[in-house]
$ cat run-v5.cif   # mmCIF, C-alpha atoms
data_my_file
#
loop_
_atom_site.label_atom_id
_atom_site.label_comp_id
_atom_site.auth_asym_id
_atom_site.auth_seq_id
_atom_site.Cartn_x
_atom_site.Cartn_y
_atom_site.Cartn_z
CA MET A 238 -14.02 12.37 -3.26
CA PRO A 239 -16.63 15.14 -3.15
CA GLU A 240 -16.07 17.59 -0.32
CA GLN A 241 -19.45 16.88 1.22
CA THR A 242 -18.73 13.23 1.83
CA VAL A 243 -15.67 13.00 4.08
CA GLY A 244 -13.81 15.41 6.31
CA SER A 245 -10.63 17.00 5.05
CA GLU A 246 -8.57 14.99 7.56
CA ILE A 247 -9.63 11.73 5.91
CA GLU A 248 -9.17 13.17 2.43
CA ARG A 249 -5.64 14.20 3.33
CA LEU A 250 -4.87 10.74 4.71
CA ILE A 251 -6.12 9.13 1.48
CA GLN A 252 -4.19 11.58 -0.67
CA LEU A 253 -0.90 10.95 1.18
CA LEU A 254 -1.37 7.17 1.24
CA SER A 255 -1.97 7.14 -2.50
CA ARG A 256 1.57 8.45 -2.96
CA LEU A 257 3.08 5.25 -1.55
CA PRO A 258 4.46 2.89 -4.19
CA GLY A 259 1.99 0.09 -4.85
CA LEU A 260 -1.05 2.06 -3.67
CA GLY A 261 -3.31 3.86 -6.14
CA PRO A 262 -6.29 6.07 -5.27
CA ARG A 263 -8.60 3.08 -4.83
CA SER A 264 -6.31 1.04 -2.60
CA ALA A 265 -5.42 4.19 -0.63
CA ARG A 266 -9.13 4.60 0.14
CA ARG A 267 -9.34 0.96 1.19
CA ALA A 268 -6.24 1.33 3.34
CA SER A 269 -7.60 4.48 5.03
CA LEU A 270 -10.87 2.75 5.87
CA HIS A 271 -8.94 -0.23 7.21
CA LEU A 272 -6.85 2.13 9.36
CA ILE A 273 -9.92 3.94 10.67
CA LYS A 274 -11.61 0.63 11.41
CA HIS A 275 -8.57 -0.55 13.38
CA ARG A 276 -7.91 2.78 15.02
CA GLU A 277 -6.33 1.65 18.26
CA LYS A 278 -4.49 -1.40 16.99
CA LEU A 279 -3.13 -0.03 13.70
CA LEU A 280 -3.75 3.68 13.02
CA GLY A 281 -2.35 4.88 16.34
CA PRO A 282 0.73 2.62 16.36
CA LEU A 283 1.47 3.36 12.69
CA ALA A 284 1.25 7.13 13.28
CA ALA A 285 3.67 6.73 16.19
CA ALA A 286 6.04 4.45 14.21
CA MET A 287 6.13 6.97 11.35
CA ALA A 288 6.77 9.90 13.67
CA GLU A 289 9.56 7.91 15.34
CA ALA A 290 11.11 6.92 12.01
CA HIS A 291 10.87 10.54 10.86
CA ASP A 292 12.76 11.70 13.94
CA THR A 293 15.39 8.98 14.20
CA VAL A 294 16.22 7.53 10.79
CA VAL A 295 19.47 8.75 9.26
CA ILE A 296 21.51 7.86 6.18
CA CYS A 297 24.83 6.20 7.06
CA SER A 298 27.56 8.66 6.09
CA LYS A 299 29.90 5.75 5.28
CA CYS A 300 27.85 3.41 3.09
CA GLY A 301 24.49 5.13 2.39
CA ASN A 302 22.35 2.54 4.24
CA VAL A 303 19.41 3.77 6.32
CA ASP A 304 19.46 3.20 10.07
CA THR A 305 18.79 4.98 13.33
CA ARG A 306 22.51 5.40 14.02
CA ASP A 307 25.41 6.66 11.95
CA PRO A 308 27.53 4.68 11.08
CA CYS A 309 24.86 2.05 10.47
CA MET A 310 24.64 -1.39 12.10
CA ILE A 311 26.38 -3.05 9.17
CA CYS A 312 29.32 -0.62 9.15
CA ARG A 313 29.64 -1.04 12.94
CA ASP A 314 29.45 -4.85 12.81
CA ARG A 315 32.96 -6.19 13.51
CA GLN A 316 32.02 -9.74 12.55
CA ARG A 317 31.81 -8.78 8.89
CA ASP A 318 34.53 -9.32 6.33
CA PRO A 319 36.06 -5.86 5.78
CA SER A 320 37.87 -6.97 2.63
CA ILE A 321 34.75 -7.00 0.42
CA ILE A 322 32.57 -3.99 -0.46
CA CYS A 323 29.35 -4.90 -2.21
CA VAL A 324 28.07 -2.02 -4.37
CA VAL A 325 24.28 -1.71 -4.78
CA GLU A 326 21.99 0.84 -6.42
CA GLU A 327 19.46 1.27 -3.64
CA VAL A 328 18.97 0.35 0.02
CA GLY A 329 16.29 -2.15 -1.02
CA ASP A 330 18.95 -4.11 -2.92
CA LEU A 331 21.14 -4.16 0.20
CA TRP A 332 18.22 -5.57 2.19
CA ALA A 333 17.58 -8.21 -0.49
CA LEU A 334 21.22 -9.36 -0.38
CA GLU A 335 21.16 -9.44 3.42
CA ARG A 336 18.03 -11.59 3.36
CA SER A 337 19.75 -14.02 0.98
CA GLY A 338 22.45 -14.46 3.65
CA ALA A 339 24.98 -15.09 0.88
CA LEU A 340 27.72 -12.87 2.22
CA ARG A 341 28.63 -11.00 5.39
CA CYS A 342 30.42 -8.00 3.99
CA ARG A 343 30.23 -4.22 3.96
CA TYR A 344 28.04 -2.40 1.43
CA HIS A 345 28.06 0.81 -0.53
CA VAL A 346 24.80 2.33 -1.79
CA ILE A 347 25.48 4.57 -4.78
CA GLY A 348 21.86 5.75 -4.92
CA GLY A 349 20.88 4.92 -8.51
CA THR A 350 22.48 4.40 -11.90
CA LEU A 351 24.02 6.62 -14.53
CA SER A 352 21.36 7.54 -17.08
CA ALA A 353 21.75 9.69 -20.14
CA ILE A 354 17.97 9.90 -20.57
CA GLU A 355 17.26 11.00 -17.00
CA GLY A 356 20.41 13.13 -16.93
CA ILE A 357 22.04 11.33 -14.00
CA ARG A 358 25.80 11.93 -14.10
CA PRO A 359 28.58 10.36 -11.99
CA GLU A 360 28.61 13.36 -9.63
CA ASP A 361 24.92 12.74 -8.85
CA LEU A 362 25.77 9.32 -7.40
CA ASN A 363 27.77 8.43 -4.28
CA ILE A 364 30.84 7.30 -6.26
CA THR A 365 33.62 9.44 -4.77
CA GLY A 366 32.96 7.85 -1.38
CA LEU A 367 33.21 4.40 -2.94
CA ILE A 368 36.59 5.12 -4.58
CA GLU A 369 37.92 6.40 -1.25
CA ARG A 370 36.73 3.34 0.63
CA ALA A 371 38.01 0.96 -2.06
CA SER A 372 41.46 2.55 -1.81
CA GLN A 373 41.84 1.55 1.85
CA ALA A 374 44.39 -1.19 2.43
CA GLU A 375 41.92 -3.66 4.02
CA VAL A 376 39.64 -3.73 0.95
CA LYS A 377 40.55 -6.47 -1.54
CA GLU A 378 37.39 -6.88 -3.61
CA VAL A 379 34.54 -4.71 -4.87
CA LEU A 380 31.48 -6.75 -5.88
CA LEU A 381 29.25 -4.79 -8.26
CA ALA A 382 25.73 -6.04 -7.39
CA LEU A 383 23.92 -3.66 -9.76
CA ASN A 384 20.73 -4.50 -11.58
CA ALA A 385 21.13 -6.43 -14.84
CA THR A 386 19.57 -3.53 -16.75
CA VAL A 387 21.20 -1.40 -19.44
CA ASP A 388 21.71 1.50 -17.02
CA GLY A 389 22.93 -0.85 -14.28
CA GLN A 390 25.51 -2.42 -16.56
CA THR A 391 26.63 0.95 -17.96
CA THR A 392 27.21 2.06 -14.40
CA ALA A 393 29.10 -1.16 -13.64
CA HIS A 394 31.46 -0.52 -16.57
CA TYR A 395 31.99 3.06 -15.48
CA LEU A 396 32.76 1.96 -11.91
CA THR A 397 35.21 -0.70 -13.13
CA GLU A 398 37.17 2.01 -14.94
CA ARG A 399 37.13 4.34 -11.96
CA LEU A 400 38.23 1.51 -9.64
CA ALA A 401 41.19 0.52 -11.86
CA THR A 402 43.62 2.62 -9.82
CA ALA A 403 42.28 1.53 -6.40
CA GLY A 404 44.16 -1.78 -6.48
CA VAL A 405 41.11 -3.96 -5.84
CA GLU A 406 39.60 -6.91 -7.63
CA VAL A 407 36.29 -5.95 -9.23
CA SER A 408 33.65 -8.68 -9.55
CA ARG A 409 30.00 -8.88 -10.60
CA LEU A 410 27.05 -11.17 -9.85
CA ALA A 411 26.74 -14.32 -12.01
CA HIS A 412 24.10 -14.50 -14.72
CA GLY A 413 22.11 -17.72 -14.99
CA VAL A 414 18.86 -19.58 -14.52
CA PRO A 415 16.95 -18.28 -11.45
CA VAL A 416 16.48 -21.01 -8.82
CA GLY A 417 13.04 -22.51 -9.48
CA GLY A 418 12.94 -20.90 -12.93
CA GLU A 419 11.66 -22.67 -16.03
CA LEU A 420 13.88 -22.60 -19.11
CA ASP A 421 10.90 -22.14 -21.41
CA TYR A 422 10.13 -18.74 -19.88
CA LEU A 423 13.70 -17.45 -19.80
CA ASP A 424 15.00 -14.89 -22.28
CA ASP A 425 17.69 -15.93 -24.73
CA GLY A 426 20.39 -13.73 -23.18
CA THR A 427 20.03 -15.38 -19.78
CA LEU A 428 19.97 -18.86 -21.28
CA ALA A 429 23.08 -18.15 -23.34
CA ALA A 430 24.85 -16.80 -20.25
CA ALA A 431 23.83 -19.87 -18.23
CA VAL A 432 25.20 -22.21 -20.92
CA LYS A 433 28.44 -20.25 -21.21
CA SER A 434 29.00 -20.31 -17.45
CA ARG A 435 28.03 -24.00 -17.08
CA ARG A 436 29.49 -25.84 -14.11
CA PRO A 437 30.47 -29.49 -13.55
CA PHE A 438 27.57 -31.44 -12.02
CA MET B 1469 14.92 -8.84 8.07
CA PRO B 1470 17.92 -9.88 10.21
CA GLU B 1471 18.33 -7.76 13.33
CA GLN B 1472 21.80 -6.63 12.33
CA THR B 1473 20.61 -4.94 9.13
CA VAL B 1474 18.06 -2.33 10.14
CA GLY B 1475 17.10 -0.62 13.36
CA SER B 1476 14.01 -1.77 15.22
CA GLU B 1477 12.20 1.48 14.36
CA ILE B 1478 12.38 0.67 10.66
CA GLU B 1479 11.46 -2.96 11.27
CA ARG B 1480 8.39 -1.85 13.21
CA LEU B 1481 7.37 0.54 10.43
CA ILE B 1482 7.66 -2.26 7.85
CA GLN B 1483 5.74 -4.68 10.06
CA LEU B 1484 2.84 -2.24 10.60
CA LEU B 1485 2.70 -1.19 6.94
CA SER B 1486 2.50 -4.84 5.87
CA ARG B 1487 -0.82 -5.07 7.74
CA LEU B 1488 -2.50 -2.61 5.36
CA PRO B 1489 -4.75 -4.25 2.76
CA GLY B 1490 -2.92 -4.49 -0.55
CA LEU B 1491 0.57 -4.39 0.97
CA GLY B 1492 2.53 -7.59 1.61
CA PRO B 1493 5.93 -7.82 3.30
CA ARG B 1494 7.78 -6.96 0.09
CA SER B 1495 5.70 -3.91 -0.83
CA ALA B 1496 5.76 -2.79 2.82
CA ARG B 1497 9.56 -2.73 2.62
CA ARG B 1498 9.40 -0.74 -0.63
CA ALA B 1499 6.89 1.66 0.91
CA SER B 1500 9.07 2.17 4.02
CA LEU B 1501 12.11 2.94 1.90
CA HIS B 1502 10.04 5.34 -0.18
CA LEU B 1503 8.84 7.04 3.01
CA ILE B 1504 12.37 7.30 4.40
CA LYS B 1505 13.64 8.65 1.11
CA HIS B 1506 10.91 11.33 1.10
CA ARG B 1507 11.17 12.06 4.79
CA GLU B 1508 10.13 15.68 4.83
CA LYS B 1509 7.59 15.61 2.01
CA LEU B 1510 5.82 12.33 2.79
CA LEU B 1511 6.87 10.54 6.01
CA GLY B 1512 6.40 13.59 8.26
CA PRO B 1513 3.06 14.71 6.76
CA LEU B 1514 1.70 11.14 6.72
CA ALA B 1515 2.64 10.61 10.37
CA ALA B 1516 0.84 13.87 11.21
CA ALA B 1517 -2.21 13.01 9.08
CA MET B 1518 -2.51 9.62 10.76
CA ALA B 1519 -2.19 11.10 14.23
CA GLU B 1520 -4.84 13.67 13.33
CA ALA B 1521 -7.19 11.04 11.91
CA HIS B 1522 -6.63 8.91 14.99
CA ASP B 1523 -7.61 11.79 17.24
CA THR B 1524 -10.53 13.22 15.27
CA VAL B 1525 -12.27 10.53 13.22
CA VAL B 1526 -15.55 9.27 14.64
CA ILE B 1527 -18.30 6.96 13.46
CA CYS B 1528 -21.57 8.81 12.74
CA SER B 1529 -24.05 7.66 15.39
CA LYS B 1530 -26.89 8.09 12.91
CA CYS B 1531 -25.73 6.36 9.73
CA GLY B 1532 -22.39 4.66 10.52
CA ASN B 1533 -20.32 6.78 8.10
CA VAL B 1534 -16.85 7.90 9.20
CA ASP B 1535 -16.19 11.60 9.58
CA THR B 1536 -14.59 14.07 11.94
CA ARG B 1537 -17.96 15.24 13.26
CA ASP B 1538 -21.03 13.40 14.54
CA PRO B 1539 -23.54 13.48 12.84
CA CYS B 1540 -21.47 13.21 9.67
CA MET B 1541 -21.40 15.68 6.76
CA ILE B 1542 -23.96 13.68 4.81
CA CYS B 1543 -26.44 13.47 7.70
CA ARG B 1544 -26.00 17.22 8.31
CA ASP B 1545 -26.40 18.13 4.62
CA ARG B 1546 -29.81 19.76 4.24
CA GLN B 1547 -29.65 19.68 0.44
CA ARG B 1548 -30.08 15.94 0.40
CA ASP B 1549 -33.34 14.13 -0.20
CA PRO B 1550 -34.42 12.89 3.24
CA SER B 1551 -37.04 10.55 1.76
CA ILE B 1552 -34.50 7.93 0.57
CA ILE B 1553 -32.16 5.89 2.77
CA CYS B 1554 -29.54 3.95 0.83
CA VAL B 1555 -28.36 0.89 2.78
CA VAL B 1556 -24.75 -0.24 2.22
CA GLU B 1557 -22.51 -2.88 3.76
CA GLU B 1558 -19.40 -0.79 4.37
CA VAL B 1559 -18.29 2.84 4.32
CA GLY B 1560 -16.28 2.11 1.16
CA ASP B 1561 -19.55 1.31 -0.65
CA LEU B 1562 -20.99 4.64 0.50
CA TRP B 1563 -17.97 6.43 -0.92
CA ALA B 1564 -18.30 4.54 -4.21
CA LEU B 1565 -21.97 5.58 -4.55
CA GLU B 1566 -21.09 9.19 -3.71
CA ARG B 1567 -18.40 9.19 -6.39
CA SER B 1568 -20.93 7.93 -8.92
CA GLY B 1569 -23.02 11.03 -8.13
CA ALA B 1570 -26.14 9.00 -8.92
CA LEU B 1571 -28.18 10.13 -5.95
CA ARG B 1572 -28.10 12.72 -3.22
CA CYS B 1573 -29.69 10.85 -0.35
CA ARG B 1574 -28.97 9.72 3.18
CA TYR B 1575 -27.13 6.45 3.84
CA HIS B 1576 -27.10 3.72 6.40
CA VAL B 1577 -24.01 1.55 6.88
CA ILE B 1578 -24.97 -1.79 8.41
CA GLY B 1579 -21.33 -2.87 8.79
CA GLY B 1580 -21.30 -6.18 6.92
CA THR B 1581 -23.63 -8.98 5.88
CA LEU B 1582 -25.35 -11.83 7.66
CA SER B 1583 -23.21 -14.92 7.38
CA ALA B 1584 -23.94 -18.38 8.73
CA ILE B 1585 -20.35 -19.47 8.08
CA GLU B 1586 -18.74 -16.53 9.86
CA GLY B 1587 -21.44 -16.53 12.53
CA ILE B 1588 -22.65 -12.99 11.86
CA ARG B 1589 -26.21 -12.61 13.16
CA PRO B 1590 -28.66 -9.69 12.74
CA GLU B 1591 -27.74 -8.31 16.18
CA ASP B 1592 -24.09 -8.02 15.04
CA LEU B 1593 -25.11 -5.54 12.31
CA ASN B 1594 -26.50 -2.02 12.65
CA ILE B 1595 -30.06 -3.07 11.71
CA THR B 1596 -32.10 -1.78 14.67
CA GLY B 1597 -30.97 1.76 13.88
CA LEU B 1598 -32.05 1.29 10.26
CA ILE B 1599 -35.57 0.10 11.20
CA GLU B 1600 -35.94 3.11 13.51
CA ARG B 1601 -34.83 5.55 10.82
CA ALA B 1602 -37.02 3.90 8.15
CA SER B 1603 -40.06 4.26 10.41
CA GLN B 1604 -39.76 8.06 10.45
CA ALA B 1605 -42.51 9.83 8.49
CA GLU B 1606 -40.13 11.60 6.07
CA VAL B 1607 -38.62 8.33 4.79
CA LYS B 1608 -40.44 6.92 1.76
CA GLU B 1609 -37.90 4.55 0.21
CA VAL B 1610 -35.09 2.25 1.39
CA LEU B 1611 -32.67 1.35 -1.41
CA LEU B 1612 -30.74 -1.82 -0.58
CA ALA B 1613 -27.35 -1.24 -2.26
CA LEU B 1614 -25.76 -4.43 -0.94
CA ASN B 1615 -23.18 -6.46 -2.82
CA ALA B 1616 -24.56 -8.92 -5.37
CA THR B 1617 -23.02 -11.81 -3.41
CA VAL B 1618 -24.87 -14.68 -1.73
CA ASP B 1619 -24.41 -13.11 1.72
CA GLY B 1620 -25.35 -9.67 0.42
CA GLN B 1621 -28.56 -10.95 -1.12
CA THR B 1622 -29.45 -13.05 1.94
CA THR B 1623 -29.08 -9.89 4.00
CA ALA B 1624 -31.23 -7.95 1.51
CA HIS B 1625 -34.03 -10.51 1.86
CA TYR B 1626 -33.78 -10.39 5.63
CA LEU B 1627 -33.90 -6.56 5.62
CA THR B 1628 -36.93 -6.58 3.28
CA GLU B 1629 -38.82 -8.71 5.80
CA ARG B 1630 -37.79 -6.56 8.73
CA LEU B 1631 -38.77 -3.37 6.85
CA ALA B 1632 -42.25 -4.69 5.95
CA THR B 1633 -43.84 -2.96 8.95
CA ALA B 1634 -41.98 0.35 8.50
CA GLY B 1635 -44.29 1.55 5.71
CA VAL B 1636 -41.54 2.23 3.17
CA GLU B 1637 -40.92 1.12 -0.39
CA VAL B 1638 -37.91 -1.23 -0.54
CA SER B 1639 -35.83 -1.20 -3.73
CA ARG B 1640 -32.55 -2.75 -4.90
CA LEU B 1641 -29.90 -1.88 -7.47
CA ALA B 1642 -30.51 -3.08 -11.04
CA HIS B 1643 -28.56 -6.01 -12.45
CA GLY B 1644 -27.16 -5.66 -15.95
CA VAL B 1645 -24.18 -5.23 -18.25
CA PRO B 1646 -21.49 -3.02 -16.64
CA VAL B 1647 -20.86 0.16 -18.66
CA GLY B 1648 -17.89 -0.59 -20.92
CA GLY B 1649 -18.28 -4.32 -20.31
CA GLU B 1650 -17.96 -6.96 -23.01
CA LEU B 1651 -20.77 -9.50 -23.26
CA ASP B 1652 -18.33 -12.31 -23.99
CA TYR B 1653 -16.75 -11.95 -20.55
CA LEU B 1654 -20.00 -11.65 -18.58
CA ASP B 1655 -21.40 -14.50 -16.52
CA ASP B 1656 -24.68 -16.10 -17.58
CA GLY B 1657 -26.64 -14.80 -14.58
CA THR B 1658 -25.80 -11.18 -15.35
CA LEU B 1659 -26.57 -11.61 -19.04
CA ALA B 1660 -29.91 -13.25 -18.27
CA ALA B 1661 -30.77 -10.43 -15.86
CA ALA B 1662 -29.80 -7.80 -18.47
CA VAL B 1663 -32.05 -9.44 -21.08
CA LYS B 1664 -34.92 -9.75 -18.65
CA SER B 1665 -34.68 -6.07 -17.66
CA ARG B 1666 -34.19 -4.84 -21.26
CA ARG B 1667 -35.21 -1.25 -21.99
CA PRO B 1668 -36.52 0.48 -25.13
CA PHE B 1669 -33.65 2.00 -27.15
#
$ encode --input "run-v5.cif" --output "structure tokens"
Amino acid sequence: MPEQTVGSEIERLIQLLSRLPGLGPRSARRASLHLIKHREKLLGPLAAAMAEAHDTVVICSKCGNVDTRDPCMICRDRQRDPSIICVVEEVGDLWALERSGALRCRYHVIGGTLSAIEGIRPEDLNITGLIERASQAEVKEVLLALNATVDGQTTAHYLTERLATAGVEVSRLAHGVPVGGELDYLDDGTLAAAVKSRRPF
Amino acid sequence: MPEQTVGSEIERLIQLLSRLPGLGPRSARRASLHLIKHREKLLGPLAAAMAEAHDTVVICSKCGNVDTRDPCMICRDRQRDPSIICVVEEVGDLWALERSGALRCRYHVIGGTLSAIEGIRPEDLNITGLIERASQAEVKEVLLALNATVDGQTTAHYLTERLATAGVEVSRLAHGVPVGGELDYLDDGTLAAAVKSRRPF
């Protein structure tokens, strides 16, 4: 954007918006214009919501979830089954599992995966906290809900070894055909896994 | 997002972000997490930039551009050719033309197109201001840089009629093959226009 065209305040807004995932320079410009057009109904409230989030959001010291209180709502929730800890890579995965409504358990966000290429070692992830929590008497099962990627599965193997002494059952998510998925578009590995884990109809 | 999972501050941030063009509910969640993860480097500055834009951005009373001063930088710029007014639908179009660097003129943002279906009439657009500006002695040409859509072209015809008494030359953008475009993928209308307006090589 040439300097003569827009004020530096708008340029700065565009530049910061373009750093959001999913927004490039072009869509950041569109978004800024949309914000300016809806100044009272969107720009003002969004500025306030961001300032509020900036001031209040904390990382749960127990599980790594984000919330406005520590411990987070999930760790405080007494209705949840304390015997299962579901391990996820990122907070977004935790949210996805919560939306699925499949289980009402506690979580543990390790904050990524081991990666030789990116130089991420066990001490870079929140693993020590997980081992401690898994060693508590009330915990019976650790469900490794990591991504089905090479790094995710490497991390799952590493965690299984580390958890061997904690006296818990370690489980992982099932592989199979996604609900609504077409066989023709599935990769061979998934299809083979789905056949191997076939269930009585 | 179930109420038990995230605080209402985060929910509100997600809900507002999902109203930006180009962001749906899923990408708004991703963007919020990204913002929370980069709290000091992105969330704080973006909140401040939005608050600043909210407080300072105004619409130029002369041309309809957005800027932090009125008249805007372009209307104040004395280096620009005052004899051409380039008419655009939206501020985003003005920015696109500025980026192209094709001409250093004044602009006029009419704020949309006439539309029978959406009930947008001439009095809903910033047309009176355009006629006034075009009638000034220094203005020799009005370039209608409206979208090549049905509504855009209807509006261009309407503006041409209205400008007949202003004593200015009315021009429009050329149709043709986009630079880098492949003929095979072009529609017939564009190809026909490109042939009709062919130039010596």
$ interface_residues --input "run-v5.cif" --of "chain B" --to "chain A" --cutoff "8 Å" --atoms "only C-alpha atoms" --output "PyMOL selection string"
chain B and resi 1469-1470+1472-1475+1477-1478+1480-1481+1484-1485+1488-1491+1495+1497-1499+1501-1504+1507-1508+1510-1522+1525+1534-1536+1541-1542+1545+1559-1560+1563+1566-1567
$ residues_near_point --input "run-v5.cif" --point "(-38.2, 9.8, 0.8)" --cutoff "10 Å" --atoms "all atoms listed in the file" --output "PyMOL selection string"
chain B and resi 1549-1553+1573-1574+1602+1604-1610+1636-1637
$ write_last_selection --input "run-v5.cif" --atoms "C-alpha atoms" --output "PDB file, keeping the file's coordinate frame"
ATOM      1  CA  ASP B1549     -33.340  14.130  -0.200  1.00  0.00           C
ATOM      2  CA  PRO B1550     -34.420  12.890   3.240  1.00  0.00           C
ATOM      3  CA  SER B1551     -37.040  10.550   1.760  1.00  0.00           C
ATOM      4  CA  ILE B1552     -34.500   7.930   0.570  1.00  0.00           C
ATOM      5  CA  ILE B1553     -32.160   5.890   2.770  1.00  0.00           C
ATOM      6  CA  CYS B1573     -29.690  10.850  -0.350  1.00  0.00           C
ATOM      7  CA  ARG B1574     -28.970   9.720   3.180  1.00  0.00           C
ATOM      8  CA  ALA B1602     -37.020   3.900   8.150  1.00  0.00           C
ATOM      9  CA  GLN B1604     -39.760   8.060  10.450  1.00  0.00           C
ATOM     10  CA  ALA B1605     -42.510   9.830   8.490  1.00  0.00           C
ATOM     11  CA  GLU B1606     -40.130  11.600   6.070  1.00  0.00           C
ATOM     12  CA  VAL B1607     -38.620   8.330   4.790  1.00  0.00           C
ATOM     13  CA  LYS B1608     -40.440   6.920   1.760  1.00  0.00           C
ATOM     14  CA  GLU B1609     -37.900   4.550   0.210  1.00  0.00           C
ATOM     15  CA  VAL B1610     -35.090   2.250   1.390  1.00  0.00           C
ATOM     16  CA  VAL B1636     -41.540   2.230   3.170  1.00  0.00           C
ATOM     17  CA  GLU B1637     -40.920   1.120  -0.390  1.00  0.00           C
TER      18      GLU B1637
END
$ resolve_selection --input "run-v5.cif" --expression "the PyMOL selection byres ((chain A and resi 385) around 12)" --output "number ranges by chain"
A: 325-326, 350, 381-384, 386-393, 409-413, 426-427
$ closest_residue --input "run-v5.cif" --among "A:Cys323, A:Gln316, A:Ile347, A:Cys300" --to "A:Ser408" --atoms "only C-alpha atoms"
A:Cys323
$ atom_distance --input "run-v5.cif" --atom1 "atom CA of A:Thr365" --atom2 "atom CA of A:Ser298"
12.5 Å
$ atom_distance --input "run-v5.cif" --atom1 "atom CA of A:Gly348" --atom2 "atom CA of A:Leu396"
13.5 Å
$ axis_aligned_box --input "run-v5.cif" --around "stretch 1558-1576 of chain B" --padding-each-side "4 Å" --output "lines of an AutoDock Vina configuration file"
center_x = -23.0
center_y = 6.0
center_z = -1.3
size_x = 21.4
size_y = 21.5
size_z = 23.3
$ closest_residue --input "run-v5.cif" --among "A:Gly349, A:Gly418, A:Gly261, A:Gly404" --to "A:Arg370" --atoms "all atoms listed in the file"
A:Gly404
$ atom_distance --input "run-v5.cif" --atom1 "atom CA of B:His1625" --atom2 "atom CA of B:Ala1662"
20.9 Å
